[in-house]
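A short write-up of the structure that comes next.
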Amino acid sequence: MRYLLNSAQMKACDTYTIEQKGMPSAVLMERAALAVVEEIQASFPESKRVLVLCGSGNNGGDGFAAARLLLLAGVSADVYFAGKEASLTEDATLQKKIFENYGGKVCRNPEFAEYTLLVDALFGIGLSRNVTGSYASVLQAAGEAALPVVAIDMPSGISADTGEVMGTALRADVTVTFAFAKLGQILYPGAEYCGRLVVRDIGITGAGVESGEFAFTYGPEDLGRLPVRRRRSNKGSYGRVLLIGGAPGMAGAAALCGRAAYRTGCGLVRIFSSECCRNVIQTLLPEAVYTSWPGKEAEGLPSGLLDWPDVIGIGPGLGQSAEAEAFLKDVLEHWNGPLVLDADALNLLAVHPEYLSGSPAQIIVTPHPGEMSRLTGKMISAILEDIPGSAKSYAKERPLICILKDARTAVSDGKQLFLNTSGNNGMAVGGSGDVLTGILCGLLAQGMPAYEAACMGVYLHGLCGDAARRNLGARSMLASDIADSLAKVLKENCP
């Protein structure tokens, strides 16, 4: 688990490290500068003319220290000081003086064309208002120079809390941040401005992180959370998934979902679908048990169907007929286990939000922004502006677990917040969401707690998308390629 902090949380960690642990701020600044210089030497070894853009705050102090270390390493490093002398912090004042004592050159109007690399140390994570005036001019001139950029802690002009462009911003090729990644480095558009993100340990303690309301993400090490497969077991040991979906013309959605559930490791999948989908589904997924929908006069699910599964997924290819609505209503009224709602189940729920009231099920919803707009009545643009907040507020109001799908999918139960960092734009293809629903159902069937399964399912889905892109390229991926990548990803990471 990797924590993602906002600016206030990061400053609290800094303060705790300095005041409670006794770590001098100057030592932290020196270690930060050393981490930046090491990254420059590794990524841009040929750059021998470096210009460091420094502001008046402690981020500028990091920049002065990095410039000095570059000088000592034999690199020609100048500082463009864009701040005000009267506004320099105590640590930045010290670092500026040391830099000058070592013969460093501080300039006000440099010729960018004379340099081969820029280091951005103007604002760091402390920016709280739009960049205007002379600072905006500096960022514009730096961007027009078309030089490689290494940002210290945060690309200047990007909010560390939201990833928003605060008026104008400088794009970095590499961003070196300290202790923890910041929310604004993970959320878009900030993620694009950061370039390659490098998180370095400089001695800042994360004491208290685990007990606070901090966002988090997963890395490959977290695949160890997946359910263990025992030597002595059978198909009943790994759970039974009931998938309700596959209206006429939509058999593929149900088949994709069932395939992903099986590939994730569940023991048995039953697909409850329209009779006209039987041949397609049984051809695509012969391992699945198949049960046909009753005739259109039916007012709900067949008697006893809900006694069979350990988890239910409803929605992929379901349609929005009266029959489909009756199935959804029946499940929400009578099922008290884990339940994943996707696709048309969400569209029906948007028309009948009262179906959620009093439902005994442990509900996970998986909307994309358009579906979220229908569920909440909010504009899609408003949802896109705050994916984490939208997921968290919807989950809290219901209550349920919300997986709000986007380039940075957010998962919340109303309290916790997971942001996914796996996946790619090749996954923007029909059927990708059906595969996610199958993965979620497969994990839930094996006994993973609902919120952990939601986070892991989203992360695993993205890893499979990344594997498919490596094999096929982003333009040519199909949802079935994502589902089929499950075998490779799981074999390599948790055989």
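Here, A, B, ... name the chains of the structure tokens in the order displayed, residue numbers run from 1 inside each chain, and ligands are numbered from 1 in the same displayed order.
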
**Prompt:** Contacts of Cys54 of chain A at 12 Å or less, counting only C-alpha atoms, minus same-chain residues fewer than 4 places along, as a ChimeraX atom specification?
**Reply:** /A:58-67,78-85,88,92-93,95-96,106-108,118-124,135,138-139,151-152,156

**Item:** Within 12 Å of Val228 of chain A using only C-alpha atoms, minus same-chain residues under 2 positions, as a VMD selection string
**Value:** chain A and resid 223 to 226 230 to 233 237 to 238 265 to 266 443 446 to 448 494 to 495

Write a file of the selected residues as a short mmCIF file (atom, residue, chain, number, x, y, z; two decimals), in the first residue's frame, keeping all heavy atoms.
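Result file selection15.cif:
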```cif
data_model
loop_
_atom_site.label_atom_id
_atom_site.label_comp_id
_atom_site.auth_asym_id
_atom_site.auth_seq_id
_atom_site.Cartn_x
_atom_site.Cartn_y
_atom_site.Cartn_z
N LEU A 223 -0.07 -7.44 -4.56
CA LEU A 223 -0.70 -8.63 -5.10
C LEU A 223 -0.62 -9.80 -4.12
O LEU A 223 -1.34 -10.78 -4.27
CB LEU A 223 -0.06 -9.01 -6.44
CG LEU A 223 -0.35 -8.04 -7.59
CD1 LEU A 223 0.45 -8.42 -8.82
CD2 LEU A 223 -1.84 -8.01 -7.91
N GLY A 224 0.24 -9.67 -3.12
CA GLY A 224 0.28 -10.66 -2.06
C GLY A 224 -0.99 -10.72 -1.24
O GLY A 224 -1.18 -11.65 -0.44
N ARG A 225 -1.88 -9.74 -1.42
CA ARG A 225 -3.16 -9.72 -0.72
C ARG A 225 -4.18 -10.68 -1.36
O ARG A 225 -5.24 -10.94 -0.77
CB ARG A 225 -3.76 -8.31 -0.73
CG ARG A 225 -2.90 -7.26 -0.06
CD ARG A 225 -3.45 -5.86 -0.35
NE ARG A 225 -2.64 -4.83 0.27
CZ ARG A 225 -2.85 -4.33 1.49
NH1 ARG A 225 -3.87 -4.78 2.21
NH2 ARG A 225 -2.08 -3.40 1.98
N LEU A 226 -3.90 -11.16 -2.56
CA LEU A 226 -4.85 -12.03 -3.24
C LEU A 226 -5.09 -13.31 -2.44
O LEU A 226 -4.20 -13.80 -1.74
CB LEU A 226 -4.33 -12.38 -4.64
CG LEU A 226 -4.40 -11.25 -5.66
CD1 LEU A 226 -3.57 -11.59 -6.88
CD2 LEU A 226 -5.85 -10.98 -6.06
N ARG A 230 -5.42 -23.20 -1.59
CA ARG A 230 -4.94 -24.30 -0.76
C ARG A 230 -4.71 -25.54 -1.59
O ARG A 230 -5.38 -25.78 -2.60
CB ARG A 230 -5.96 -24.58 0.35
CG ARG A 230 -6.19 -23.39 1.29
CD ARG A 230 -7.20 -23.73 2.37
NE ARG A 230 -8.51 -24.04 1.82
CZ ARG A 230 -9.41 -23.13 1.47
NH1 ARG A 230 -9.12 -21.83 1.61
NH2 ARG A 230 -10.59 -23.48 0.99
N ARG A 231 -3.77 -26.37 -1.15
CA ARG A 231 -3.47 -27.61 -1.87
C ARG A 231 -4.69 -28.54 -1.90
O ARG A 231 -5.01 -29.13 -2.93
CB ARG A 231 -2.29 -28.33 -1.23
CG ARG A 231 -0.94 -27.67 -1.50
CD ARG A 231 0.19 -28.45 -0.81
NE ARG A 231 1.49 -27.87 -1.12
CZ ARG A 231 2.22 -28.21 -2.17
NH1 ARG A 231 1.78 -29.14 -3.01
NH2 ARG A 231 3.39 -27.66 -2.39
N ARG A 232 -5.32 -28.68 -0.75
CA ARG A 232 -6.48 -29.55 -0.67
C ARG A 232 -7.74 -28.71 -0.82
O ARG A 232 -8.21 -28.09 0.13
CB ARG A 232 -6.50 -30.32 0.65
CG ARG A 232 -7.57 -31.39 0.70
CD ARG A 232 -7.50 -32.16 2.01
NE ARG A 232 -8.44 -33.29 1.99
CZ ARG A 232 -8.62 -34.13 3.02
NH1 ARG A 232 -7.91 -33.96 4.14
NH2 ARG A 232 -9.47 -35.13 2.92
N SER A 233 -8.29 -28.69 -2.00
CA SER A 233 -9.45 -27.84 -2.27
C SER A 233 -10.20 -28.37 -3.47
O SER A 233 -9.73 -29.28 -4.18
CB SER A 233 -9.01 -26.39 -2.50
OG SER A 233 -8.11 -26.31 -3.59
N SER A 237 -14.39 -24.56 -3.05
CA SER A 237 -13.53 -23.81 -2.13
C SER A 237 -13.32 -22.37 -2.58
O SER A 237 -12.90 -21.53 -1.79
CB SER A 237 -12.16 -24.49 -2.02
OG SER A 237 -12.29 -25.84 -1.64
N TYR A 238 -13.60 -22.08 -3.85
CA TYR A 238 -13.25 -20.77 -4.40
C TYR A 238 -14.46 -19.96 -4.84
O TYR A 238 -14.32 -18.94 -5.51
CB TYR A 238 -12.26 -20.94 -5.56
CG TYR A 238 -11.03 -21.68 -5.10
CD1 TYR A 238 -10.77 -22.97 -5.55
CD2 TYR A 238 -10.18 -21.13 -4.14
CE1 TYR A 238 -9.67 -23.67 -5.08
CE2 TYR A 238 -9.08 -21.83 -3.67
CZ TYR A 238 -8.83 -23.09 -4.14
OH TYR A 238 -7.74 -23.78 -3.66
N GLY A 265 -9.96 -16.66 -10.63
CA GLY A 265 -9.77 -17.77 -9.70
C GLY A 265 -10.99 -18.30 -8.99
O GLY A 265 -10.86 -19.14 -8.10
N CYS A 266 -12.20 -17.83 -9.35
CA CYS A 266 -13.38 -18.37 -8.68
C CYS A 266 -13.62 -19.81 -9.13
O CYS A 266 -13.10 -20.26 -10.15
CB CYS A 266 -14.60 -17.49 -8.94
SG CYS A 266 -15.32 -17.69 -10.58
N LEU A 443 -12.98 -12.15 -7.19
CA LEU A 443 -12.29 -11.90 -5.92
C LEU A 443 -13.25 -12.03 -4.74
O LEU A 443 -12.91 -12.61 -3.70
CB LEU A 443 -11.66 -10.51 -5.94
CG LEU A 443 -10.52 -10.30 -6.93
CD1 LEU A 443 -10.06 -8.84 -6.92
CD2 LEU A 443 -9.34 -11.21 -6.63
N GLN A 446 -14.03 -15.55 -3.73
CA GLN A 446 -12.95 -16.22 -3.00
C GLN A 446 -12.79 -15.70 -1.58
O GLN A 446 -11.87 -16.09 -0.87
CB GLN A 446 -11.64 -16.07 -3.76
CG GLN A 446 -11.65 -16.78 -5.11
CD GLN A 446 -10.42 -16.45 -5.94
OE1 GLN A 446 -9.33 -16.97 -5.68
NE2 GLN A 446 -10.59 -15.58 -6.92
N GLY A 447 -13.68 -14.80 -1.17
CA GLY A 447 -13.72 -14.38 0.22
C GLY A 447 -13.02 -13.09 0.56
O GLY A 447 -12.91 -12.74 1.74
N MET A 448 -12.54 -12.34 -0.44
CA MET A 448 -11.92 -11.05 -0.13
C MET A 448 -12.97 -10.10 0.43
O MET A 448 -14.09 -10.02 -0.09
CB MET A 448 -11.28 -10.42 -1.36
CG MET A 448 -9.95 -11.02 -1.77
SD MET A 448 -9.06 -9.99 -2.97
CE MET A 448 -8.23 -8.85 -1.85
N CYS A 494 1.78 -14.11 -8.65
CA CYS A 494 1.34 -14.92 -7.52
C CYS A 494 0.96 -16.32 -8.00
O CYS A 494 -0.24 -16.65 -8.04
CB CYS A 494 0.18 -14.26 -6.78
SG CYS A 494 -1.11 -13.62 -7.88
N PRO A 495 1.95 -17.12 -8.41
CA PRO A 495 1.68 -18.45 -8.96
C PRO A 495 1.00 -19.36 -7.93
O PRO A 495 1.16 -19.19 -6.73
CB PRO A 495 3.08 -18.95 -9.32
CG PRO A 495 4.01 -18.16 -8.48
CD PRO A 495 3.37 -16.83 -8.30
#
```

**Message:** Would you pick out the contacts of Lys405 of chain A at 8 Å or less, using only C-alpha atoms, so that residues sharing its chain but fewer than 4 positions from it are not included, and give the list as a PyMOL selection string?
**Reply:** chain A and resi 366-369+409-410

**Message:** Residues near segment 424-432 of chain A, anyone? I mean within 7 Å using only C-alpha atoms, not counting same-chain ones fewer than 2 positions away, as a count of residues only.
**Reply:** 12

**Prompt:** Any idea what's packed within 7 Å of Trp335 of chain A, counting only C-alpha atoms, ignoring anything in its chain fewer than 4 positions away? Could you give it as an MDAnalysis selection string?
**Reply:** chainID A and resid 306 331 360:361

Export of the given selection (N, CA, C and O atoms) as a PDB file, in the first residue's frame:
```pdb
ATOM      1  N   LEU A 306     -31.404 -17.422  -6.079  1.00  0.00           N
ATOM      2  CA  LEU A 306     -30.555 -16.664  -5.161  1.00  0.00           C
ATOM      3  C   LEU A 306     -29.989 -17.524  -4.028  1.00  0.00           C
ATOM      4  O   LEU A 306     -29.176 -17.035  -3.237  1.00  0.00           O
ATOM      5  N   VAL A 331     -33.187  -8.769  -6.913  1.00  0.00           N
ATOM      6  CA  VAL A 331     -31.864  -8.956  -6.305  1.00  0.00           C
ATOM      7  C   VAL A 331     -31.663  -7.978  -5.148  1.00  0.00           C
ATOM      8  O   VAL A 331     -31.206  -8.354  -4.058  1.00  0.00           O
ATOM      9  N   PRO A 360     -30.392  -5.310   1.678  1.00  0.00           N
ATOM     10  CA  PRO A 360     -29.467  -5.966   2.597  1.00  0.00           C
ATOM     11  C   PRO A 360     -28.132  -6.335   1.964  1.00  0.00           C
ATOM     12  O   PRO A 360     -27.230  -6.834   2.643  1.00  0.00           O
ATOM     13  N   ALA A 361     -27.995  -6.124   0.659  1.00  0.00           N
ATOM     14  CA  ALA A 361     -26.787  -6.539  -0.058  1.00  0.00           C
ATOM     15  C   ALA A 361     -25.590  -5.654   0.289  1.00  0.00           C
ATOM     16  O   ALA A 361     -25.741  -4.503   0.697  1.00  0.00           O
TER      17      ALA A 361
END
```

**Prompt:** What does the distance from atom CA of Leu301 of chain A to atom CA of His334 of chain A come to in Å, to one decimal?
**Reply:** 10.4 Å

**Request:** Write out as a ChimeraX atom specification which residues come within 10 Å of Thr132 of chain A when counting only C-alpha atoms, dropping same-chain ones fewer than 3 positions away.
**Result:** /A:129,135-139,157,166-168

**Asked** Using the chain letters and numbers from this document, which residues of segment 410-479 of chain A does DSSP assign to strand (DSSP E or B), as number ranges by chain?
**Response** A: 410-412, 417-419

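The coordinates place atom CA of Ala487 of chain A at 20.4 Å from atom CA of Gly236 of chain A.
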
**Prompt:** Which residues, written as an MDAnalysis selection string, have at least one atom at most 10 Å from Ala181 of chain A, with only C-alpha atoms counted and residues fewer than 2 positions away on the same chain left out?
**Reply:** chainID A and resid 2:6 10 153:154 160 176:179 183:186 197:200 216:217
